[in-house]
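**Q** Below is the file target-v8.txt, with compact mmCIF, C-alpha atoms.
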# COMPACT_ATOMS: atom_id res chain seq x y z
CA MET V 1 0.37 22.82 -20.22
CA ARG V 2 -0.21 26.51 -20.73
CA ASN V 3 2.52 28.98 -20.04
CA GLY V 4 1.96 32.13 -18.06
CA LEU V 5 -1.01 31.05 -15.95
CA PRO V 6 -2.63 33.99 -14.13
CA ALA V 7 -1.48 33.92 -10.52
CA ASP V 8 -4.95 34.73 -9.21
CA GLU V 9 -6.44 31.80 -11.11
CA VAL V 10 -3.86 29.38 -9.76
CA ARG V 11 -4.20 30.71 -6.23
CA GLY V 12 -7.98 30.50 -6.42
CA GLN V 13 -7.96 26.90 -7.59
CA LEU V 14 -5.43 25.88 -4.96
CA LEU V 15 -7.27 27.68 -2.18
CA ALA V 16 -10.55 26.01 -3.15
CA PHE V 17 -8.95 22.57 -3.31
CA VAL V 18 -7.04 22.93 -0.05
CA THR V 19 -10.15 24.24 1.70
CA SER V 20 -12.17 21.23 0.62
CA LEU V 21 -9.25 18.88 1.28
CA VAL V 22 -8.64 19.86 4.90
CA ASP V 23 -12.21 20.85 5.81
CA ALA V 24 -11.03 24.25 7.04
CA GLU V 25 -10.38 27.61 5.49
CA PRO V 26 -6.69 28.34 5.85
CA GLY V 27 -5.62 31.79 4.73
CA PRO V 28 -3.26 31.96 1.74
CA ASP V 29 -0.26 32.33 4.05
CA GLU V 30 -1.34 29.90 6.76
CA ASP V 31 0.77 26.76 7.09
CA TYR V 32 -1.75 23.90 6.85
CA PHE V 33 0.99 21.34 7.60
CA GLU V 34 1.97 23.17 10.76
CA LEU V 35 -1.68 23.37 11.75
CA GLY V 36 -1.90 19.58 11.47
CA LEU V 37 -4.62 19.76 8.82
CA VAL V 38 -2.94 17.53 6.23
CA ASN V 39 -2.68 13.79 6.82
CA SER V 40 -0.54 11.58 4.60
CA LEU V 41 -3.36 10.64 2.25
CA ALA V 42 -4.31 14.29 1.85
CA ALA V 43 -0.67 15.17 1.14
CA LEU V 44 -0.58 12.63 -1.68
CA GLU V 45 -3.87 13.94 -3.02
CA LEU V 46 -2.51 17.48 -2.98
CA VAL V 47 0.43 16.36 -5.12
CA THR V 48 -1.93 14.50 -7.47
CA PHE V 49 -4.16 17.57 -7.73
CA VAL V 50 -1.30 19.91 -8.55
CA GLU V 51 0.05 17.54 -11.19
CA HIS V 52 -3.36 16.79 -12.67
CA ARG V 53 -4.75 20.31 -12.69
CA PHE V 54 -1.65 22.18 -13.85
CA GLY V 55 -0.01 19.53 -16.00
CA ILE V 56 3.26 19.46 -14.10
CA THR V 57 5.31 16.71 -12.47
CA VAL V 58 6.35 17.05 -8.85
CA ARG V 59 9.82 15.55 -8.51
CA VAL V 60 11.85 14.66 -5.48
CA GLU V 61 13.91 17.84 -5.83
CA ASP V 62 10.65 19.81 -5.55
CA LEU V 63 9.89 18.26 -2.18
CA ASP V 64 10.76 21.26 -0.10
CA LEU V 65 8.31 22.15 2.63
CA ASP V 66 8.66 25.76 1.58
CA ASN V 67 6.99 24.84 -1.72
CA PHE V 68 3.98 23.18 -0.15
CA ARG V 69 3.23 24.62 3.26
CA THR V 70 0.89 27.48 2.26
CA VAL V 71 -1.37 28.27 -0.66
CA ASN V 72 0.72 31.27 -1.65
CA ARG V 73 3.95 29.26 -1.62
CA LEU V 74 2.30 26.48 -3.60
CA THR V 75 1.03 29.07 -6.06
CA GLY V 76 4.57 30.31 -6.54
CA PHE V 77 5.77 26.75 -7.06
CA VAL V 78 3.12 26.05 -9.71
CA LEU V 79 3.78 29.34 -11.50
CA GLY V 80 7.50 28.57 -11.51
CA LYS V 81 6.93 25.10 -12.94
CA THR V 82 4.52 26.26 -15.62
CA ALA V 83 6.52 29.30 -16.68
CA GLY V 84 9.32 27.36 -18.32
CA MET X 1 6.59 -22.03 -10.21
CA ARG X 2 3.04 -21.22 -11.17
CA PRO X 3 0.27 -20.52 -8.65
CA ASP X 4 -1.24 -23.98 -9.24
CA GLU X 5 2.08 -25.43 -8.10
CA PHE X 6 2.13 -23.55 -4.80
CA ASP X 7 2.17 -25.54 -1.56
CA ALA X 8 0.25 -22.74 0.15
CA SER X 9 -1.17 -24.89 2.96
CA GLY X 10 2.20 -26.42 3.72
CA TRP X 11 3.92 -23.05 3.75
CA ASP X 12 1.20 -21.70 6.02
CA GLU X 13 1.56 -24.64 8.39
CA ARG X 14 5.35 -24.36 8.53
CA GLY X 15 5.36 -20.55 8.63
CA VAL X 16 7.96 -20.41 5.90
CA LEU X 17 8.04 -19.35 2.29
CA PRO X 18 10.85 -21.35 0.71
CA LEU X 19 13.74 -19.66 -1.00
CA GLU X 20 12.91 -21.33 -4.31
CA MET X 21 9.48 -19.66 -4.25
CA ARG X 22 11.05 -16.24 -3.86
CA GLU X 23 13.56 -16.99 -6.59
CA ALA X 24 10.79 -18.21 -8.87
CA ALA X 25 8.83 -15.02 -8.24
CA ALA X 26 11.87 -12.96 -9.22
CA ARG X 27 12.49 -15.03 -12.36
CA ALA X 28 8.85 -14.64 -13.35
CA GLY X 29 9.22 -10.86 -13.13
CA TRP X 30 6.58 -10.53 -10.42
CA PHE X 31 8.68 -7.96 -8.52
CA GLY X 32 8.92 -5.56 -11.41
CA VAL X 33 5.57 -5.65 -13.15
CA ASP X 34 4.97 -1.90 -12.93
CA LEU X 35 8.57 -0.76 -12.60
CA PRO X 36 10.10 1.17 -15.49
CA ALA X 37 11.92 -1.03 -17.99
CA GLU X 38 15.01 1.18 -17.66
CA HIS X 39 15.28 0.00 -14.05
CA GLY X 40 14.78 -3.69 -14.71
CA GLY X 41 11.00 -3.77 -14.58
CA LYS X 42 8.45 -4.77 -17.18
CA GLY X 43 6.97 -1.28 -17.49
CA GLY X 44 3.49 -2.76 -17.15
CA THR X 45 0.24 -1.11 -16.17
CA GLN X 46 -1.43 -1.04 -12.79
CA ALA X 47 -4.13 -3.21 -14.30
CA GLU X 48 -1.54 -5.86 -15.18
CA LEU X 49 -0.09 -5.72 -11.68
CA GLY X 50 -3.57 -6.01 -10.23
CA GLU X 51 -4.49 -9.06 -12.27
CA LEU X 52 -1.30 -10.80 -11.16
CA CYS X 53 -2.08 -10.05 -7.51
CA ALA X 54 -5.61 -11.39 -7.94
CA GLU X 55 -4.33 -14.61 -9.50
CA ILE X 56 -1.78 -15.13 -6.76
CA GLY X 57 -4.09 -13.90 -4.01
CA ALA X 58 -6.54 -16.60 -5.00
CA VAL X 59 -3.94 -19.19 -4.04
CA CYS X 60 -1.60 -17.81 -1.39
CA GLY X 61 -1.85 -14.55 0.56
CA SER X 62 1.76 -14.81 1.70
CA VAL X 63 3.14 -14.87 -1.85
CA ARG X 64 0.91 -11.92 -2.67
CA ALA X 65 2.30 -10.19 0.44
CA LEU X 66 5.81 -10.79 -0.91
CA ILE X 67 4.88 -8.99 -4.12
CA THR X 68 3.17 -6.28 -2.10
CA VAL X 69 6.10 -5.38 0.12
CA GLN X 70 8.59 -5.53 -2.74
CA GLY X 71 6.28 -3.25 -4.71
CA MET X 72 5.75 -0.83 -1.82
CA VAL X 73 9.42 -0.08 -1.37
CA SER X 74 10.03 -0.02 -5.12
CA ALA X 75 7.13 2.38 -5.67
CA ALA X 76 8.42 4.78 -3.03
CA ILE X 77 11.89 4.82 -4.59
CA THR X 78 10.48 5.13 -8.10
CA ARG X 79 8.36 8.11 -7.11
CA TRP X 80 10.58 9.94 -4.65
CA GLY X 81 14.09 8.54 -5.05
CA THR X 82 16.88 10.42 -6.73
CA ALA X 83 18.13 9.25 -10.12
CA GLU X 84 21.04 7.59 -8.34
CA GLN X 85 18.76 5.85 -5.83
CA ARG X 86 16.52 4.60 -8.62
CA SER X 87 19.39 3.21 -10.64
CA THR X 88 20.99 1.65 -7.55
CA TRP X 89 18.05 0.06 -5.79
CA LEU X 90 15.32 -0.62 -8.34
CA PRO X 91 17.13 -3.15 -10.57
CA ALA X 92 18.15 -5.13 -7.48
CA LEU X 93 14.58 -5.09 -6.15
CA ALA X 94 13.10 -6.05 -9.52
CA ALA X 95 15.54 -8.94 -9.86
CA GLY X 96 14.94 -10.12 -6.31
CA GLU X 97 18.60 -9.54 -5.42
CA HIS X 98 17.29 -7.36 -2.62
CA LEU X 99 14.29 -8.51 -0.62
CA ALA X 100 12.46 -5.47 0.71
CA GLY X 101 11.09 -4.74 4.16
CA PHE X 102 8.81 -1.80 4.95
CA ALA X 103 9.76 -0.84 8.49
CA ALA X 104 7.24 1.71 9.74
CA THR X 105 5.08 0.29 12.54
CA GLU X 106 6.30 0.47 16.14
CA SER X 107 4.80 -0.55 19.45
CA GLY X 108 3.66 3.05 19.93
CA ALA X 109 2.93 3.90 16.29
CA GLY X 110 0.50 1.90 14.16
CA THR X 111 -2.31 3.75 12.47
CA GLU X 112 -0.73 7.00 13.73
CA LEU X 113 2.67 6.57 12.13
CA SER X 114 3.70 10.15 12.91
CA ALA X 115 4.31 8.91 16.46
CA VAL X 116 7.35 6.81 15.50
CA ASP X 117 10.28 6.94 17.91
CA THR X 118 12.97 5.68 15.55
CA ARG X 119 15.79 8.23 15.39
CA PHE X 120 17.97 9.26 12.49
CA GLU X 121 21.05 11.24 13.50
CA VAL X 122 23.52 12.79 11.11
CA THR X 123 27.02 12.22 12.41
CA GLY X 124 30.27 12.35 10.50
CA GLY X 125 28.63 12.53 7.09
CA ALA X 126 26.45 9.47 7.69
CA ILE X 127 23.06 8.71 9.18
CA THR X 128 22.77 6.62 12.33
CA VAL X 129 19.52 4.66 12.61
CA THR X 130 18.22 3.59 16.01
CA GLY X 131 14.82 2.11 16.71
CA GLU X 132 12.59 -0.95 16.96
CA LYS X 133 10.04 -1.82 14.29
CA ARG X 134 7.26 -4.34 14.58
CA TRP X 135 5.29 -6.54 12.22
CA VAL X 136 7.65 -6.16 9.27
CA THR X 137 6.39 -8.43 6.49
CA PHE X 138 9.24 -10.69 5.32
CA GLY X 139 11.36 -8.97 7.95
CA GLN X 140 13.00 -12.35 8.65
CA GLN X 141 14.50 -12.38 5.17
CA ALA X 142 14.61 -8.76 4.04
CA THR X 143 17.94 -7.40 2.91
CA ALA X 144 16.84 -3.79 2.36
CA PHE X 145 14.52 -1.94 4.69
CA LEU X 146 12.74 1.33 4.03
CA VAL X 147 12.68 2.74 7.55
CA LEU X 148 10.42 5.53 8.80
CA GLY X 149 11.84 7.66 11.58
CA LYS X 150 12.61 11.20 12.64
CA LEU X 151 15.58 13.36 11.75
CA ASP X 152 15.79 16.56 13.76
CA GLY X 153 12.15 16.01 14.70
CA ARG X 154 11.00 15.70 11.11
CA LEU X 155 9.59 12.50 9.66
CA ALA X 156 12.02 10.97 7.21
CA THR X 157 12.70 7.70 5.39
CA VAL X 158 16.03 5.96 5.07
CA LEU X 159 17.10 2.80 3.24
CA VAL X 160 18.98 0.40 5.49
CA GLU X 161 20.61 -2.82 4.34
CA ALA X 162 20.56 -5.87 6.60
CA GLY X 163 23.87 -6.36 8.36
CA PRO X 164 25.65 -5.54 11.61
CA GLY X 165 23.34 -3.67 13.96
CA VAL X 166 20.17 -5.02 12.35
CA SER X 167 18.57 -7.86 14.29
CA THR X 168 15.25 -9.64 13.87
CA VAL X 169 12.88 -11.57 16.08
CA PRO X 170 10.59 -13.84 14.02
CA VAL X 171 6.86 -13.62 14.63
CA ARG X 172 5.25 -17.04 14.54
CA GLY X 173 1.74 -18.37 14.86
CA GLN X 174 -0.01 -15.11 14.07
CA LEU X 175 -3.61 -15.24 12.89
CA GLY X 176 -2.96 -14.98 9.16
CA LEU X 177 -0.30 -14.63 6.49
CA ARG X 178 1.68 -17.22 8.41
CA ALA X 179 4.17 -17.78 5.60
CA ALA X 180 4.91 -14.06 5.25
CA MET X 181 7.95 -14.47 7.55
CA ILE X 182 7.01 -11.48 9.67
CA ALA X 183 9.56 -10.15 12.15
CA HIS X 184 10.12 -7.43 14.66
CA VAL X 185 13.28 -5.64 13.56
CA ARG X 186 15.75 -3.69 15.68
CA PHE X 187 18.15 -1.09 14.29
CA ASP X 188 20.89 -0.51 16.82
CA GLY X 189 22.92 2.51 15.78
CA VAL X 190 23.22 1.37 12.18
CA ARG X 191 25.23 3.80 10.05
CA VAL X 192 24.18 4.33 6.44
CA PRO X 193 25.38 6.83 3.81
CA MET X 194 23.57 10.17 3.52
CA GLY X 195 22.61 9.03 0.04
CA ASN X 196 20.22 6.51 1.60
CA LEU X 197 17.89 9.28 2.76
CA VAL X 198 14.81 9.15 0.51
CA ALA X 199 13.39 12.67 -0.02
CA SER X 200 13.88 15.59 2.33
CA PRO X 201 13.14 15.28 6.03
CA GLY X 202 9.54 16.34 6.55
CA PHE X 203 8.27 14.24 3.63
CA GLY X 204 9.05 10.77 4.98
CA LEU X 205 5.50 9.95 5.99
CA SER X 206 3.38 12.33 3.95
CA HIS X 207 4.97 11.39 0.64
CA VAL X 208 7.45 8.50 0.76
CA ALA X 209 5.72 6.14 3.19
CA ALA X 210 2.32 7.30 1.92
CA THR X 211 3.29 6.33 -1.62
CA ALA X 212 4.43 2.91 -0.39
CA LEU X 213 1.20 2.41 1.52
CA ASP X 214 -0.90 3.55 -1.43
CA HIS X 215 0.82 0.96 -3.62
CA GLY X 216 0.42 -1.65 -0.92
CA ARG X 217 -3.27 -0.89 -0.59
CA PHE X 218 -3.70 -1.42 -4.32
CA THR X 219 -2.04 -4.84 -4.40
CA VAL X 220 -3.79 -5.93 -1.21
CA ALA X 221 -7.11 -4.93 -2.78
CA TRP X 222 -6.52 -7.09 -5.82
CA GLY X 223 -5.23 -9.96 -3.70
CA CYS X 224 -8.45 -9.80 -1.67
CA ALA X 225 -10.52 -9.75 -4.84
CA GLY X 226 -8.77 -12.94 -5.90
CA MET X 227 -9.29 -14.43 -2.46
CA ALA X 228 -13.01 -13.64 -2.48
CA ALA X 229 -13.44 -15.12 -5.96
CA ALA X 230 -11.66 -18.30 -4.84
CA CYS X 231 -14.01 -18.61 -1.87
CA VAL X 232 -17.00 -18.31 -4.19
CA ALA X 233 -15.55 -21.02 -6.45
CA ASP X 234 -14.75 -23.39 -3.59
CA ALA X 235 -18.16 -22.89 -2.02
CA ALA X 236 -19.99 -23.39 -5.32
CA GLU X 237 -18.04 -26.53 -6.17
CA HIS X 238 -18.57 -28.02 -2.74
CA THR X 239 -22.27 -27.30 -2.54
CA VAL X 240 -22.89 -28.79 -5.97
CA ARG X 241 -21.06 -32.04 -5.12
CA ARG X 242 -21.85 -32.47 -1.45
CA ARG X 243 -25.13 -34.31 -0.83
CA GLN X 244 -27.14 -34.72 2.34
CA ALA X 245 -29.84 -37.39 2.07
CA ALA X 246 -29.21 -37.48 -1.70
CA VAL X 247 -29.90 -33.77 -2.04
CA PRO X 248 -27.05 -31.45 -3.11
CA LEU X 249 -26.43 -28.62 -0.68
CA ALA X 250 -26.85 -26.20 -3.57
CA ALA X 251 -30.47 -27.29 -3.91
CA HIS X 252 -31.32 -25.53 -0.67
CA GLN X 253 -32.52 -21.97 -0.96
CA VAL X 254 -30.52 -20.77 2.01
CA VAL X 255 -27.33 -22.07 0.39
CA ARG X 256 -28.14 -20.44 -2.92
CA SER X 257 -28.88 -17.19 -1.16
CA THR X 258 -25.51 -17.28 0.54
CA LEU X 259 -23.75 -18.09 -2.73
CA ALA X 260 -25.51 -15.22 -4.45
CA ARG X 261 -24.40 -12.71 -1.82
CA MET X 262 -20.85 -14.01 -1.96
CA ALA X 263 -20.76 -13.76 -5.76
CA VAL X 264 -22.15 -10.23 -5.82
CA ASP X 265 -19.73 -9.00 -3.15
CA ALA X 266 -16.74 -10.58 -4.88
CA THR X 267 -17.73 -9.23 -8.27
CA ALA X 268 -18.38 -5.74 -6.91
CA ALA X 269 -15.02 -5.72 -5.15
CA ARG X 270 -13.28 -6.71 -8.34
CA GLY X 271 -15.12 -3.91 -10.16
CA LEU X 272 -13.74 -1.35 -7.71
CA CYS X 273 -10.26 -2.80 -8.17
CA VAL X 274 -10.59 -2.44 -11.93
CA ALA X 275 -11.78 1.15 -11.49
CA ALA X 276 -8.84 1.93 -9.20
CA ALA X 277 -6.40 0.46 -11.70
CA ARG X 278 -7.89 2.53 -14.49
CA ALA X 279 -7.68 5.71 -12.38
CA ARG X 280 -4.07 5.00 -11.45
CA ASP X 281 -3.04 4.23 -15.00
CA ALA X 282 -4.66 7.48 -16.14
CA GLY X 283 -3.15 9.52 -13.27
CA GLU X 284 -6.61 10.64 -12.25
CA LEU X 285 -7.31 12.82 -9.25
CA ASP X 286 -9.44 10.16 -7.59
CA ALA X 287 -6.80 7.43 -7.84
CA VAL X 288 -5.73 7.57 -4.19
CA ALA X 289 -9.28 7.61 -2.83
CA GLY X 290 -10.40 5.00 -5.37
CA THR X 291 -7.64 2.72 -4.16
CA VAL X 292 -8.75 3.12 -0.55
CA MET X 293 -12.31 2.29 -1.58
CA ALA X 294 -11.21 -0.79 -3.55
CA LYS X 295 -9.08 -2.08 -0.69
CA TYR X 296 -11.85 -1.53 1.83
CA ALA X 297 -14.46 -3.27 -0.30
CA ALA X 298 -12.21 -6.14 -1.33
CA ALA X 299 -10.98 -6.86 2.20
CA ARG X 300 -14.56 -6.91 3.45
CA ALA X 301 -15.63 -9.12 0.56
CA ALA X 302 -12.77 -11.54 1.27
CA ALA X 303 -13.61 -11.64 4.96
CA SER X 304 -17.30 -12.15 4.33
CA ALA X 305 -16.86 -14.68 1.52
CA SER X 306 -14.30 -16.72 3.44
CA GLN X 307 -16.55 -16.82 6.50
CA ASP X 308 -19.48 -17.98 4.39
CA ALA X 309 -17.31 -20.48 2.53
CA VAL X 310 -16.08 -22.07 5.76
CA GLN X 311 -19.67 -22.29 6.93
CA LEU X 312 -20.82 -23.96 3.70
CA LEU X 313 -17.90 -26.38 3.59
CA GLY X 314 -18.49 -27.32 7.22
CA SER X 315 -15.81 -29.60 8.64
CA ALA X 316 -13.95 -29.56 5.31
CA GLY X 317 -13.61 -25.79 5.71
CA CYS X 318 -12.11 -26.24 9.15
CA ALA X 319 -9.44 -28.75 8.05
CA SER X 320 -5.82 -27.72 8.39
CA ASP X 321 -5.30 -27.79 4.63
CA SER X 322 -8.53 -25.94 3.76
CA ARG X 323 -7.97 -23.03 1.42
CA VAL X 324 -11.07 -21.20 2.61
CA GLY X 325 -10.09 -21.82 6.23
CA ARG X 326 -6.71 -20.23 5.58
CA PHE X 327 -8.38 -17.35 3.75
CA PHE X 328 -10.75 -16.91 6.70
CA ARG X 329 -7.68 -16.17 8.86
CA ASP X 330 -5.83 -14.18 6.19
CA ALA X 331 -8.83 -12.02 5.32
CA LYS X 332 -9.14 -10.63 8.84
CA VAL X 333 -5.55 -9.44 8.57
CA MET X 334 -6.45 -7.70 5.31
CA GLN X 335 -9.05 -5.64 7.17
CA ILE X 336 -6.29 -4.29 9.40
CA ILE X 337 -3.13 -3.77 7.32
CA GLU X 338 -2.49 -0.84 4.96
CA GLY X 339 -5.26 1.12 6.69
CA SER X 340 -7.84 -0.56 8.90
CA ASP X 341 -11.46 -0.69 7.81
CA GLN X 342 -12.26 2.09 10.26
CA VAL X 343 -9.54 4.40 8.99
CA SER X 344 -10.56 3.64 5.42
CA GLU X 345 -14.14 4.60 6.21
CA LEU X 346 -12.98 7.96 7.54
CA HIS X 347 -11.04 8.66 4.39
CA ILE X 348 -13.79 7.50 2.05
CA ALA X 349 -16.33 9.67 3.86
CA ASP X 350 -13.95 12.61 3.86
CA HIS X 351 -13.46 12.28 0.13
CA LEU X 352 -17.20 12.02 -0.41
CA LEU X 353 -17.98 15.08 1.70
CA ARG X 354 -15.30 17.19 0.07
CA LYS X 355 -17.39 18.17 -2.91
CA TYR X 356 -20.33 19.13 -0.72
CA ARG X 357 -18.35 21.56 1.41
CA VAL X 358 -18.46 25.28 0.79
CA GLY X 359 -16.20 25.97 -2.15
CA GLY X 360 -15.68 22.24 -2.49
CA MET X 361 -14.46 20.65 -5.64
CA THR X 362 -13.59 17.14 -6.76
Kindly transcribe the structure held in the file into structure tokens.
**A**
Amino acid sequence: MRNGLPADEVRGQLLAFVTSLVDAEPGPDEDYFELGLVNSLAALELVTFVEHRFGITVRVEDLDLDNFRTVNRLTGFVLGKTAG
Amino acid sequence: MRPDEFDASGWDERGVLPLEMREAAARAGWFGVDLPAEHGGKGGTQAELGELCAEIGAVCGSVRALITVQGMVSAAITRWGTAEQRSTWLPALAAGEHLAGFAATESGAGTELSAVDTRFEVTGGAITVTGEKRWVTFGQQATAFLVLGKLDGRLATVLVEAGPGVSTVPVRGQLGLRAAMIAHVRFDGVRVPMGNLVASPGFGLSHVAATALDHGRFTVAWGCAGMAAACVADAAEHTVRRRQAAVPLAAHQVVRSTLARMAVDATAARGLCVAAARARDAGELDAVAGTVMAKYAAARAAASASQDAVQLLGSAGCASDSRVGRFFRDAKVMQIIEGSDQVSELHIADHLLRKYRVGGMT
């Protein structure tokens, strides 16, 4: 996958997907897990989306709620994975 | 032991799947079809796994359930286990040295698994597991349970081996899958190493159990597709041979109409299973939703086809050794496990509507 993805592009794609996934418009720093917007199927689909769209693999060591709970944190996670 | 050698009716009647059947399944490699070769599996595709489940599902739902539960736990460990957990547990599961149990459901937590009361407590460098699980497929025989519970209020999954502190109460005479050796399982302060925790607390349901259930849904879907196809075959064979006043049943338009509907439903269900397998093998975005759709369609097709088949076979369909009669009971269970029809409908509709929402994308 490409290195050095623009942060705004990643954030925009994630925000659009999460918005359609949870049928709500969480802000980039709102915790959609805490808000109860993500059921288990949606959580799996979020992982699949991130892997599929950005060409990365989410591993067990990546499973830290801090990586997934908000769009901005997820953006940082994706940028970190694609930067290497 | 090949599927045509199964004593499915006898196992169903006795409520037992014999040890030699489980050993034969392990020898045949049925527990490791899609597991990586490095962990004792065959490294096969989802399509290959699906075809196996269809072939077995056409003969015995309980044997298919054995493959399903073994695959569910294996899939969760493959996806979210550490390297050490994968190398420890997967070869034993693939070889059938461990028989898996997926221990999630409780009396107060079925569809809403986040309501589980099972507690994990970290004490003295180990995890103590306390709780009561219900409807654990092959719980009577399982030697390794993937248990869903809460650790410090967060949903987590822990692997627990059968032994002191683990007790089972067999479930007998349930509607279907009578040879699946279902049990209610109690964990009474069982201590396991910290290394048995699968993924971080907080991801037990959303990722670990969800991965297991996704895999289970896939194999159930294919098993149902096989079941539906078998009902079509049994109904067609019977209505061609069976005569009333020298006229074959199949000569009647109402019978042919029923057969046509059965065949279309069974074929359509299989088509969705094939599509789900393709999406999973390709790692496509729609793989999870496609699997839900395939399971929903196939379970409904199996239920509908088995009901019609019993009707067409008449008294023969009601006999104790009737395959379609057994499938009639099993198929109803398929509409409940791994996501009921109603829950599946919600998810399918949600997935459909997603692309029509503002800013929506597929």
**Q** Give me the residues of chain V that have any atom at most 12 Å from an atom of chain X; for each, the nearest atom pair and the distance in Å, rounded to one decimal. Use all atoms listed in the file, sort by chain and number, and format it as a Markdown table.
**A**
| residue | atom | partner | partner_atom | distance |
| --- | --- | --- | --- | --- |
| V:Gly12 | CA | X:Gly359 | CA | 10.3 |
| V:Gln13 | CA | X:Met361 | CA | 9.2 |
| V:Leu14 | CA | X:Met361 | CA | 10.5 |
| V:Leu15 | CA | X:Gly359 | CA | 9.1 |
| V:Ala16 | CA | X:Gly359 | CA | 5.7 |
| V:Phe17 | CA | X:Met361 | CA | 6.3 |
| V:Val18 | CA | X:Gly360 | CA | 9.0 |
| V:Thr19 | CA | X:Gly360 | CA | 7.2 |
| V:Ser20 | CA | X:Gly360 | CA | 4.8 |
| V:Leu21 | CA | X:Arg354 | CA | 6.4 |
| V:Val22 | CA | X:Arg354 | CA | 8.6 |
| V:Asp23 | CA | X:Arg354 | CA | 7.5 |
| V:Ala24 | CA | X:Arg357 | CA | 9.6 |
| V:Glu25 | CA | X:Val358 | CA | 9.6 |
| V:Phe33 | CA | X:Gly202 | CA | 10.0 |
| V:Glu34 | CA | X:Gly202 | CA | 11.0 |
| V:Gly36 | CA | X:Ser114 | CA | 11.1 |
| V:Leu37 | CA | X:Ser206 | CA | 12.0 |
| V:Val38 | CA | X:Ser206 | CA | 8.5 |
| V:Asn39 | CA | X:Ser206 | CA | 6.9 |
| V:Ser40 | CA | X:Ser206 | CA | 4.0 |
| V:Leu41 | CA | X:Ala210 | CA | 6.6 |
| V:Ala42 | CA | X:Ser206 | CA | 8.2 |
| V:Ala43 | CA | X:Ser206 | CA | 5.7 |
| V:Leu44 | CA | X:His207 | CA | 6.1 |
| V:Glu45 | CA | X:Val288 | CA | 6.7 |
| V:Leu46 | CA | X:Leu285 | CA | 9.2 |
| V:Val47 | CA | X:His207 | CA | 8.9 |
| V:Thr48 | CA | X:Leu285 | CA | 5.9 |
| V:Phe49 | CA | X:Leu285 | CA | 5.9 |
| V:Val50 | CA | X:Leu285 | CA | 9.3 |
| V:Glu51 | CA | X:Gly283 | CA | 8.9 |
| V:His52 | CA | X:Leu285 | CA | 6.6 |
| V:Arg53 | CA | X:Leu285 | CA | 8.6 |
| V:Phe54 | CA | X:Leu285 | CA | 11.9 |
| V:Gly55 | CA | X:Gly283 | CA | 10.8 |
| V:Ile56 | CA | X:Gly283 | CA | 11.9 |
| V:Thr57 | CA | X:Arg79 | CA | 10.6 |
| V:Val58 | CA | X:Trp80 | CA | 9.3 |
| V:Arg59 | CA | X:Trp80 | CA | 6.9 |
| V:Val60 | CA | X:Trp80 | CA | 5.0 |
| V:Glu61 | CA | X:Ala199 | CA | 7.8 |
| V:Asp62 | CA | X:Ala199 | CA | 9.4 |
| V:Leu63 | CA | X:Ser200 | CA | 6.6 |
| V:Asp64 | CA | X:Ser200 | CA | 6.9 |
| V:Leu65 | CA | X:Gly202 | CA | 7.1 |
| V:Asp66 | CA | X:Gly202 | CA | 10.7 |
| V:Asn67 | CA | X:Phe203 | CA | 11.9 |
| V:Phe68 | CA | X:Phe203 | CA | 10.6 |
| V:Arg69 | CA | X:Gly202 | CA | 10.9 |
**Q** Distance cut-off 6 Å, centre (-8.2, -14.4, -3.0) in file coordinates, counting all atoms listed in the file: which residues qualify? Return them as a list in words.
**A**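 Those residues lying close to the given coordinates are Gly57, Ala58, Gly223, Cys224, Ala225, Gly226, Met227, Ala228 and Ala230 of chain X.
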**Q** Calculate how many Å separate CA of Cys318 (chain X) from CA of Glu13 (chain X), rounding to one decimal.
**A**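 If I compute the distance from CA of Cys318 (chain X) to CA of Glu13 (chain X), I get 13.8 Å.
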**Q** Which value, in Å to one decimal, gives the distance between CA of Met181 (chain X) and CA of Ser9 (chain X)?
**A**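 Computing it gives 14.6 Å between the two atoms.
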**Q** Put the listed atoms of region 286-295 of chain X in a box along x, y and z with 6 Å added on every side and give me the centre and edge lengths in Å to one decimal, as AutoDock Vina command-line options.
**A**
--center_x -9.0 --center_y 4.0 --center_z -4.2 --size_x 18.6 --size_y 24.2 --size_z 19.3
**Q** Could you list, as an MDAnalysis selection string, every residue within 12 Å of Pro6 (chain V), counting all atoms listed in the file and ignoring same-chain residues fewer than 6 positions away?
**A** chainID V and resid 12:13 54 75:76 78:80 82:83
**Q** CA of Val255 (chain X) to CA of Lys332 (chain X): how many Å, to one decimal?
**A**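 Answer for the CA of Val255 (chain X) to CA of Lys332 (chain X) separation: 23.1 Å.
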**Q** Considering only C-alpha atoms, return as a PyMOL selection string whatever protein or nucleic-acid residues lie within 6 Å of Val158 (chain X), sequence-local ones (same chain, fewer than 6 positions apart) excluded.
**A** chain X and resi 146-147+196-198
**Q** Between X:Val166, X:Gly317, X:Ala277, X:Arg186, which has the minimum distance to Asp234 (chain X) (counting all atoms listed in the file)?
**A**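 Result for the nearest residue to Asp234 (chain X): X:Gly317.
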**Q** I'd like the neighbourhood of Ala297 (chain X) as a list in words, where a residue qualifies if any of its atoms comes within 9 Å (using only C-alpha atoms), though same-chain residues fewer than 5 positions away should be ignored.
**A**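 These residues fall inside the cut-off: Ala221, Cys224, Ala225, Asp265, Ala266, Ala268, Ala269, Arg270, Leu272, Cys273, Val292 and Ala302 of chain X.
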**Q** For region 75-82 of chain V of the block above, can you save C-alpha atoms as a CSV table (one decimal), in the first residue's frame?
**A**
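Result written to out28.csv:
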chain,number,residue,atom,x,y,z
V,75,THR,CA,-6.7,7.8,11.6
V,76,GLY,CA,-3.5,7.9,13.7
V,77,PHE,CA,-3.4,4.1,13.8
V,78,VAL,CA,-3.8,3.8,10.0
V,79,LEU,CA,-1.2,6.5,9.3
V,80,GLY,CA,1.2,4.7,11.7
V,81,LYS,CA,0.7,1.3,9.9
V,82,THR,CA,1.0,2.7,6.5
